[in-house]
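A short write-up of the structure that comes next.
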Amino acid sequence: MADALSKGARTLITDGGVQSNHARLTAAAAAKVGMKALLVLGAPELGDNNGNLILDNLFGADILFMEGASVKDMEEAMDHEAAKLSVAGKRPYIIPIGGSTPLGDLGYVDAVKELAEQADFDDPIIFAAVGSGGTLTGLLLGCRLYMPKAKVIGVAVAGGTNHIKRHMAECFKGAAELLGVEETLSVDDIDIIDDCYGTSYGVPCPGGDEAVKLAASTEGILLDPVYTGKAMYGLREAVKRDVFDKTRPVVFWHTGGSPCLYAFSKNYAKNFRN
Ligand SMILES: Cc1ncc(COP(=O)(O)O)c(C=O)c1O
C-alpha cells in the first residue's frame with residue numbers, strides 16, 4: 001500500500017482464483033486507504049457466490065470474471081484494464097498474482113522478525129503453504145536474517161513446483177536487494193513437499209480435508225481446503241515420513257484463508273436434520 005500510495009495510485013488491480021484470499025485482502029486494503037480495487041478472477045460470473053467473493057463485494061471491489069482464464073490471460077486483462085483506467089485518470093497500480101514480488105515478499109521477512117522476537121526457541125522447523133511462492137520466499141529470507149538456525153519447509157498446494165522455485169530464487173534476490181543485504185537463494189536450497197495437494201489447485205483433497213477437521217476438532221483452529229489444510233496434511237505426512245529432526249520445535253505458519261471454508265461448505269457440513 002505504501003508503494004501504491006507513494007505513486008499516487010487510485011485503483012489497485014490484482015488477479016487470482018475465484019476464492020483468492022490475496023484478492024480479498026487487496027480489496028480490504030484498498031478500502032482502508034480510500035482506493036478502488038479491481039479484481040480479475042478466473043471464474044464464471046454465476047459461480048458460487050460465497051466465501052471470499054462475498055467479502056470482495058462487501059469491501060466494494062469491482063470484479064472482472066474470466067471463465068477458464070489462465071494466469072497469462074488474466075495478466076493481459078489486467079494490463080488492458082490498467083490502460084483504460086489510466087485514460088480515465090483513475091491511476092491504476094497492478095499487484096501481480098499472490099503479491100509474490102520482491103516488495104510483497106518483505107511482509108513475511110518482517111513476520112519472521114516478529115517470530116524471533118516472541119519465540120523462546122531459535123531453531124524451529126517452519127511449515128507453510130506454497131501457492132505463488134511469495135510467502136515461502138519471505139520466510140526464507142527472514143530466517144536468514146533473524147533466525148538463521150531455523151529450517152523452512154513448504155507444502156505445495158498445486159503442481160509446477162520447479163517453476164515456482166525458479167520464481168522464488170529470483171524474487172529472493174530482488175527482496176534482498178531492496179533490503180540492502182547480500183543474500184542469495186539457490187533452487188536447491190528450497191525444500192517443498194510436492195505430493196500433498198491432491199489433483200490440482202483449488203480442489204480439496206481427502207488428506208487436506210482430514211487435516212482441516214483435525215485442527216478444528218482438536219485445537220479449535222480453522223484451516224481451509226485450498227491452502228492451510230493441504231499444508232497441515234503435508235506436515236502430517238512429513239512427520240510420518242520422518243523427514244525432519246523431531247526434537248526441534250515445529251511452527252505451523254497459519255496463513256489465513258478460512259473464508260474458503262464457507263465456499264466449500266459441502267465438504268464439511270453435516271445434515272443436522274438426519
Ligand atoms: C491462505 C493462504 N495461505 C497461503 C498462501 C500461499 O501464499 P503464496 O502465494 O505466497 O505462496 C495463500 C496464497 O494466496 C493463501 O491465500
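The way I read the labels, and the way they are meant: chains A, B, ... in the order of the C-alpha cells, residue 1 as the first residue of every chain, and ligand 1 as the first ligand shown, with later ones counted on from there.
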
Near-ligand residues for ligand 1, threshold 7 Å, only C-alpha atoms and all ligand atoms, as a compact mmCIF listing (two decimals) with all heavy atoms, in the first residue's frame:
# COMPACT_ATOMS: atom_id res chain seq x y z
N SER A 20 -9.79 -16.32 -4.19
CA SER A 20 -8.46 -15.82 -3.82
C SER A 20 -8.50 -15.00 -2.52
O SER A 20 -9.21 -13.99 -2.43
CB SER A 20 -7.93 -14.94 -4.96
OG SER A 20 -6.79 -14.24 -4.51
N ASN A 21 -7.73 -15.45 -1.54
CA ASN A 21 -7.61 -14.68 -0.29
C ASN A 21 -6.81 -13.42 -0.53
O ASN A 21 -7.07 -12.37 0.05
CB ASN A 21 -6.91 -15.52 0.78
CG ASN A 21 -7.69 -16.77 1.11
OD1 ASN A 21 -8.81 -16.70 1.60
ND2 ASN A 21 -7.11 -17.94 0.83
N HIS A 22 -5.80 -13.54 -1.40
CA HIS A 22 -4.97 -12.38 -1.73
C HIS A 22 -5.81 -11.27 -2.37
O HIS A 22 -5.67 -10.10 -2.02
CB HIS A 22 -3.84 -12.83 -2.68
CG HIS A 22 -3.27 -11.70 -3.46
ND1 HIS A 22 -2.44 -10.76 -2.90
CD2 HIS A 22 -3.46 -11.32 -4.75
CE1 HIS A 22 -2.12 -9.87 -3.82
NE2 HIS A 22 -2.72 -10.18 -4.94
N GLY A 98 -0.94 -13.13 -6.21
CA GLY A 98 -0.43 -13.53 -4.90
C GLY A 98 0.43 -12.48 -4.22
O GLY A 98 0.91 -12.69 -3.10
N SER A 100 3.27 -11.94 -5.00
CA SER A 100 4.59 -12.59 -4.90
C SER A 100 5.61 -11.85 -5.76
O SER A 100 5.99 -12.29 -6.85
CB SER A 100 4.49 -14.06 -5.31
OG SER A 100 3.79 -14.77 -4.32
N ALA A 129 2.21 -23.12 3.59
CA ALA A 129 1.66 -23.45 2.26
C ALA A 129 2.40 -22.66 1.18
O ALA A 129 2.83 -21.54 1.40
CB ALA A 129 0.18 -23.10 2.21
N VAL A 130 2.53 -23.28 0.01
CA VAL A 130 3.16 -22.61 -1.13
C VAL A 130 2.19 -22.56 -2.31
O VAL A 130 1.78 -23.60 -2.82
CB VAL A 130 4.43 -23.36 -1.59
CG1 VAL A 130 5.07 -22.63 -2.78
CG2 VAL A 130 5.43 -23.49 -0.47
N GLY A 131 1.79 -21.33 -2.68
CA GLY A 131 0.97 -21.15 -3.87
C GLY A 131 1.82 -20.50 -4.94
O GLY A 131 2.46 -21.16 -5.76
N SER A 132 1.88 -19.17 -4.92
CA SER A 132 2.73 -18.47 -5.89
C SER A 132 4.15 -18.26 -5.36
O SER A 132 5.02 -17.77 -6.08
CB SER A 132 2.10 -17.13 -6.27
OG SER A 132 1.77 -16.39 -5.12
N GLY A 133 4.42 -18.61 -4.11
CA GLY A 133 5.79 -18.67 -3.59
C GLY A 133 6.26 -17.50 -2.75
O GLY A 133 7.31 -17.57 -2.11
N GLY A 134 5.49 -16.40 -2.73
CA GLY A 134 5.95 -15.22 -2.01
C GLY A 134 6.07 -15.43 -0.50
O GLY A 134 7.01 -14.94 0.13
N THR A 135 5.12 -16.16 0.05
CA THR A 135 5.16 -16.41 1.50
C THR A 135 6.46 -17.13 1.86
O THR A 135 7.19 -16.70 2.76
CB THR A 135 3.95 -17.29 1.91
OG1 THR A 135 2.76 -16.62 1.52
CG2 THR A 135 3.94 -17.57 3.39
N LEU A 136 6.74 -18.22 1.15
CA LEU A 136 7.92 -19.02 1.49
C LEU A 136 9.21 -18.23 1.25
O LEU A 136 10.16 -18.31 2.03
CB LEU A 136 7.94 -20.33 0.69
CG LEU A 136 8.66 -21.47 1.39
CD1 LEU A 136 7.86 -21.97 2.58
CD2 LEU A 136 8.95 -22.63 0.45
N TYR A 227 -5.43 -24.00 0.95
CA TYR A 227 -4.04 -23.73 1.33
C TYR A 227 -3.63 -24.42 2.64
O TYR A 227 -2.85 -25.36 2.64
CB TYR A 227 -3.82 -22.21 1.48
CG TYR A 227 -3.81 -21.47 0.17
CD1 TYR A 227 -4.93 -20.81 -0.29
CD2 TYR A 227 -2.67 -21.44 -0.63
CE1 TYR A 227 -4.94 -20.14 -1.50
CE2 TYR A 227 -2.66 -20.77 -1.83
CZ TYR A 227 -3.79 -20.12 -2.26
OH TYR A 227 -3.78 -19.47 -3.46
N THR A 228 -4.14 -23.89 3.74
CA THR A 228 -3.58 -24.33 5.02
C THR A 228 -3.94 -25.77 5.38
O THR A 228 -3.18 -26.44 6.09
CB THR A 228 -4.02 -23.37 6.15
OG1 THR A 228 -5.45 -23.21 6.10
CG2 THR A 228 -3.36 -22.02 6.02
N THR A 255 -1.48 -19.17 7.52
CA THR A 255 -1.50 -18.01 6.63
C THR A 255 -2.91 -17.51 6.33
O THR A 255 -3.10 -16.71 5.42
CB THR A 255 -0.77 -18.36 5.32
OG1 THR A 255 -1.19 -19.67 4.90
CG2 THR A 255 0.74 -18.37 5.52
N GLY A 256 -3.90 -17.98 7.07
CA GLY A 256 -5.26 -17.45 6.89
C GLY A 256 -6.11 -18.32 5.97
O GLY A 256 -5.87 -19.51 5.84
N GLY A 257 -7.09 -17.71 5.34
CA GLY A 257 -7.87 -18.42 4.32
C GLY A 257 -9.19 -19.03 4.77
O GLY A 257 -9.87 -19.67 3.96

DSSP-assigned strand (DSSP E) among range 56-110 of chain A, expressed as a PyMOL selection string: chain A and resi 62-65+92-95

Residues of the last selection are to be written out with all heavy atoms, as an mmCIF file, in the first residue's frame.
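The resulting file, again-v9.cif, is shown below:
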data_model
loop_
_atom_site.group_PDB
_atom_site.id
_atom_site.type_symbol
_atom_site.label_atom_id
_atom_site.label_comp_id
_atom_site.auth_asym_id
_atom_site.auth_seq_id
_atom_site.Cartn_x
_atom_site.Cartn_y
_atom_site.Cartn_z
ATOM 1 N N ASP A 62 -14.645 -3.921 -7.530
ATOM 2 C CA ASP A 62 -15.210 -4.303 -8.827
ATOM 3 C C ASP A 62 -14.563 -5.631 -9.209
ATOM 4 O O ASP A 62 -13.375 -5.848 -8.935
ATOM 5 C CB ASP A 62 -14.854 -3.265 -9.898
ATOM 6 C CG ASP A 62 -15.658 -1.974 -9.703
ATOM 7 O OD1 ASP A 62 -16.743 -2.051 -9.095
ATOM 8 O OD2 ASP A 62 -15.174 -0.919 -10.139
ATOM 9 N N ILE A 63 -15.340 -6.504 -9.845
ATOM 10 C CA ILE A 63 -14.786 -7.812 -10.217
ATOM 11 C C ILE A 63 -14.986 -8.050 -11.705
ATOM 12 O O ILE A 63 -16.086 -7.849 -12.233
ATOM 13 C CB ILE A 63 -15.456 -8.950 -9.417
ATOM 14 C CG1 ILE A 63 -15.249 -8.723 -7.919
ATOM 15 C CG2 ILE A 63 -14.884 -10.305 -9.833
ATOM 16 C CD1 ILE A 63 -15.867 -9.767 -7.022
ATOM 17 N N LEU A 64 -13.902 -8.465 -12.348
ATOM 18 C CA LEU A 64 -13.998 -8.883 -13.742
ATOM 19 C C LEU A 64 -13.859 -10.403 -13.750
ATOM 20 O O LEU A 64 -12.803 -10.936 -13.379
ATOM 21 C CB LEU A 64 -12.857 -8.234 -14.548
ATOM 22 C CG LEU A 64 -12.733 -8.664 -16.007
ATOM 23 C CD1 LEU A 64 -13.945 -8.221 -16.817
ATOM 24 C CD2 LEU A 64 -11.467 -8.060 -16.623
ATOM 25 N N PHE A 65 -14.926 -11.082 -14.104
ATOM 26 C CA PHE A 65 -14.888 -12.553 -14.126
ATOM 27 C C PHE A 65 -14.384 -13.029 -15.482
ATOM 28 O O PHE A 65 -14.839 -12.554 -16.526
ATOM 29 C CB PHE A 65 -16.292 -13.123 -13.888
ATOM 30 C CG PHE A 65 -16.779 -12.923 -12.479
ATOM 31 C CD1 PHE A 65 -17.608 -11.858 -12.164
ATOM 32 C CD2 PHE A 65 -16.408 -13.798 -11.474
ATOM 33 C CE1 PHE A 65 -18.063 -11.666 -10.859
ATOM 34 C CE2 PHE A 65 -16.856 -13.616 -10.162
ATOM 35 C CZ PHE A 65 -17.684 -12.544 -9.864
ATOM 36 N N PRO A 92 -4.079 3.447 -12.105
ATOM 37 C CA PRO A 92 -4.030 2.045 -11.674
ATOM 38 C C PRO A 92 -2.670 1.627 -11.124
ATOM 39 O O PRO A 92 -1.642 2.210 -11.482
ATOM 40 C CB PRO A 92 -4.311 1.292 -12.979
ATOM 41 C CG PRO A 92 -3.787 2.206 -14.045
ATOM 42 C CD PRO A 92 -4.035 3.605 -13.557
ATOM 43 N N TYR A 93 -2.696 0.647 -10.267
ATOM 44 C CA TYR A 93 -1.460 0.049 -9.715
ATOM 45 C C TYR A 93 -1.695 -1.455 -9.720
ATOM 46 O O TYR A 93 -2.603 -1.948 -9.047
ATOM 47 C CB TYR A 93 -1.242 0.566 -8.293
ATOM 48 C CG TYR A 93 0.007 0.037 -7.597
ATOM 49 C CD1 TYR A 93 1.183 0.795 -7.567
ATOM 50 C CD2 TYR A 93 -0.003 -1.199 -6.955
ATOM 51 C CE1 TYR A 93 2.316 0.331 -6.909
ATOM 52 C CE2 TYR A 93 1.139 -1.671 -6.301
ATOM 53 C CZ TYR A 93 2.287 -0.897 -6.277
ATOM 54 O OH TYR A 93 3.402 -1.365 -5.627
ATOM 55 N N ILE A 94 -0.897 -2.173 -10.518
ATOM 56 C CA ILE A 94 -1.108 -3.623 -10.638
ATOM 57 C C ILE A 94 -0.281 -4.371 -9.591
ATOM 58 O O ILE A 94 0.921 -4.136 -9.451
ATOM 59 C CB ILE A 94 -0.724 -4.119 -12.052
ATOM 60 C CG1 ILE A 94 -1.680 -3.523 -13.101
ATOM 61 C CG2 ILE A 94 -0.744 -5.648 -12.115
ATOM 62 C CD1 ILE A 94 -1.381 -3.928 -14.533
ATOM 63 N N ILE A 95 -0.935 -5.253 -8.867
ATOM 64 C CA ILE A 95 -0.235 -6.151 -7.934
ATOM 65 C C ILE A 95 -0.277 -7.546 -8.561
ATOM 66 O O ILE A 95 -1.353 -8.122 -8.714
ATOM 67 C CB ILE A 95 -0.912 -6.175 -6.547
ATOM 68 C CG1 ILE A 95 -0.971 -4.757 -5.975
ATOM 69 C CG2 ILE A 95 -0.172 -7.120 -5.610
ATOM 70 C CD1 ILE A 95 -1.696 -4.659 -4.639
#

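The space between CA of Tyr197 in chain A and CA of Met74 in chain A spans 23.4 Å.
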
Sel. of helix (DSSP H, G or I) residues, range 230-272 of chain A, as number ranges by chain: A: 230-241, 259-263, 265-267

Distance query Ile221 in chain A at most 10 Å, only C-alpha atoms, self and fewer than 3 positions along chain excluded, as a PyMOL selection string: chain A and resi 212-218+254+258

Please produce an output containing C-alpha atoms for each residue in the selection, written as a PDB file, in the first residue's frame.
ATOM      1  CA  VAL A 212      -8.976 -29.250   8.421  1.00  0.00           C
ATOM      2  CA  LYS A 213     -11.236 -31.389  10.614  1.00  0.00           C
ATOM      3  CA  LEU A 214      -8.375 -32.454  12.884  1.00  0.00           C
ATOM      4  CA  ALA A 215      -7.177 -28.895  13.553  1.00  0.00           C
ATOM      5  CA  ALA A 216     -10.724 -27.679  14.211  1.00  0.00           C
ATOM      6  CA  SER A 217     -11.742 -30.566  16.453  1.00  0.00           C
ATOM      7  CA  THR A 218      -8.534 -30.826  18.489  1.00  0.00           C
ATOM      8  CA  HIS A 254      -1.078 -20.280   9.622  1.00  0.00           C
ATOM      9  CA  SER A 258     -10.781 -19.537   6.496  1.00  0.00           C
TER      10      SER A 258
END

Two-atom distance - CA of Asp48 in chain A, CA of Ala263 in chain A (Å): 7.0 Å

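By only C-alpha atoms, and with residues fewer than 6 positions from Ile192 in chain A along its chain excluded, the set lying at most 10 Å from it is Phe127, Ala128, Ala129, Val130, Leu136, Val152, Ile153, Gly154, Val155, Ala156, Thr161, Asn162, Lys165 and Gly234 of chain A.
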
Just N, CA and C atoms for this one: save the residues we selected as a tab-separated table (two decimals), in the first residue's frame.
chain	number	residue	atom	x	y	z
A	127	PHE	N	6.70	-24.79	8.82
A	127	PHE	CA	5.92	-25.29	7.68
A	127	PHE	C	4.97	-24.21	7.20
A	128	ALA	N	4.84	-24.06	5.88
A	128	ALA	CA	3.87	-23.10	5.33
A	128	ALA	C	3.40	-23.57	3.96
A	129	ALA	N	2.21	-23.12	3.59
A	129	ALA	CA	1.66	-23.45	2.26
A	129	ALA	C	2.40	-22.66	1.18
A	130	VAL	N	2.53	-23.28	0.01
A	130	VAL	CA	3.16	-22.61	-1.13
A	130	VAL	C	2.19	-22.56	-2.31
A	136	LEU	N	6.74	-18.22	1.15
A	136	LEU	CA	7.92	-19.02	1.49
A	136	LEU	C	9.21	-18.23	1.25
A	152	VAL	N	13.02	-24.08	6.89
A	152	VAL	CA	11.69	-23.79	6.34
A	152	VAL	C	11.31	-24.88	5.34
A	153	ILE	N	10.12	-25.46	5.53
A	153	ILE	CA	9.63	-26.48	4.59
A	153	ILE	C	8.29	-26.01	4.05
A	154	GLY	N	8.19	-25.93	2.73
A	154	GLY	CA	6.93	-25.52	2.11
A	154	GLY	C	6.11	-26.74	1.72
A	155	VAL	N	4.80	-26.54	1.62
A	155	VAL	CA	3.93	-27.60	1.11
A	155	VAL	C	3.17	-27.02	-0.09
A	156	ALA	N	3.42	-27.59	-1.25
A	156	ALA	CA	2.79	-27.07	-2.47
A	156	ALA	C	1.29	-27.34	-2.46
A	161	THR	N	6.00	-27.08	-9.17
A	161	THR	CA	6.94	-26.65	-8.13
A	161	THR	C	8.27	-26.13	-8.69
A	162	ASN	N	8.76	-26.75	-9.77
A	162	ASN	CA	10.06	-26.31	-10.30
A	162	ASN	C	9.99	-24.86	-10.79
A	165	LYS	N	9.92	-22.57	-7.80
A	165	LYS	CA	11.24	-22.44	-7.16
A	165	LYS	C	12.11	-21.43	-7.91
A	234	GLY	N	0.53	-31.86	4.60
A	234	GLY	CA	1.96	-32.03	4.31
A	234	GLY	C	2.78	-32.20	5.58

Need to verify the contact set: Glu237 in chain A, 10 Å, only C-alpha atoms, exclusion of same-chain residues closer than 5 positions in sequence. Can you return it as an mmCIF file with C-alpha atoms, in the first residue's frame?
data_model
loop_
_atom_site.group_PDB
_atom_site.id
_atom_site.type_symbol
_atom_site.label_atom_id
_atom_site.label_comp_id
_atom_site.auth_asym_id
_atom_site.auth_seq_id
_atom_site.Cartn_x
_atom_site.Cartn_y
_atom_site.Cartn_z
ATOM 1 C CA ILE A 193 6.754 -31.189 -0.280
ATOM 2 C CA ASP A 195 2.711 -34.525 -3.279
ATOM 3 C CA CYS A 196 0.135 -33.385 -0.725
ATOM 4 C CA GLY A 207 -5.791 -35.574 3.264
ATOM 5 C CA ALA A 231 -0.121 -27.516 4.316
ATOM 6 C CA MET A 232 -1.183 -29.295 7.511
ATOM 7 C CA ASP A 242 10.498 -38.858 9.297
ATOM 8 C CA VAL A 243 11.927 -36.069 7.149
#

Who sits within 7 Å of Val187 in chain A, only C-alpha atoms, same chain under 3 positions skipped, as a list in words: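 What passes the distance filter is Lys165, Arg166, Ala169 and Ile190 of chain A.
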
All residues 12 Å or closer to Lys266 in chain A, only C-alpha atoms, same chain fewer than 6 positions away omitted, as a ChimeraX atom specification: /A:48,204,209,225,260

Proximity to Leu25 in chain A - best of A:Met78, A:Ile126, A:Leu12, A:Ala238, only C-alpha atoms: A:Leu12

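Among the candidates A:Ile164, A:Ala211, A:Leu39, A:Leu178, the one nearest to Gly17 in chain A when counting only C-alpha atoms is A:Leu39.
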
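If you look at CA of Asn49 in chain A and CA of Val203 in chain A, they are 16.9 Å away from each other.
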
Which of A:Ala269, A:Phe252, A:Tyr108, A:Arg91 sits closest to Lys7 in chain A [using only C-alpha atoms]: A:Arg91

Nearest residue to Leu235 in chain A from the set A:Glu182, A:Leu41, A:Glu177, A:Ile125 (distances using only C-alpha atoms):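 Result for the nearest residue to Leu235 in chain A: A:Ile125.
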
Which residue of A:Ile54, A:Ile13, A:Leu115, A:Val251 approaches Ala77 in chain A most closely, using only C-alpha atoms: A:Ile13

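If only C-alpha atoms are the atoms counted, then among A:Pro259, A:Gly68, A:Gly8, A:Gly138 the closest residue to Asn52 in chain A is A:Pro259.
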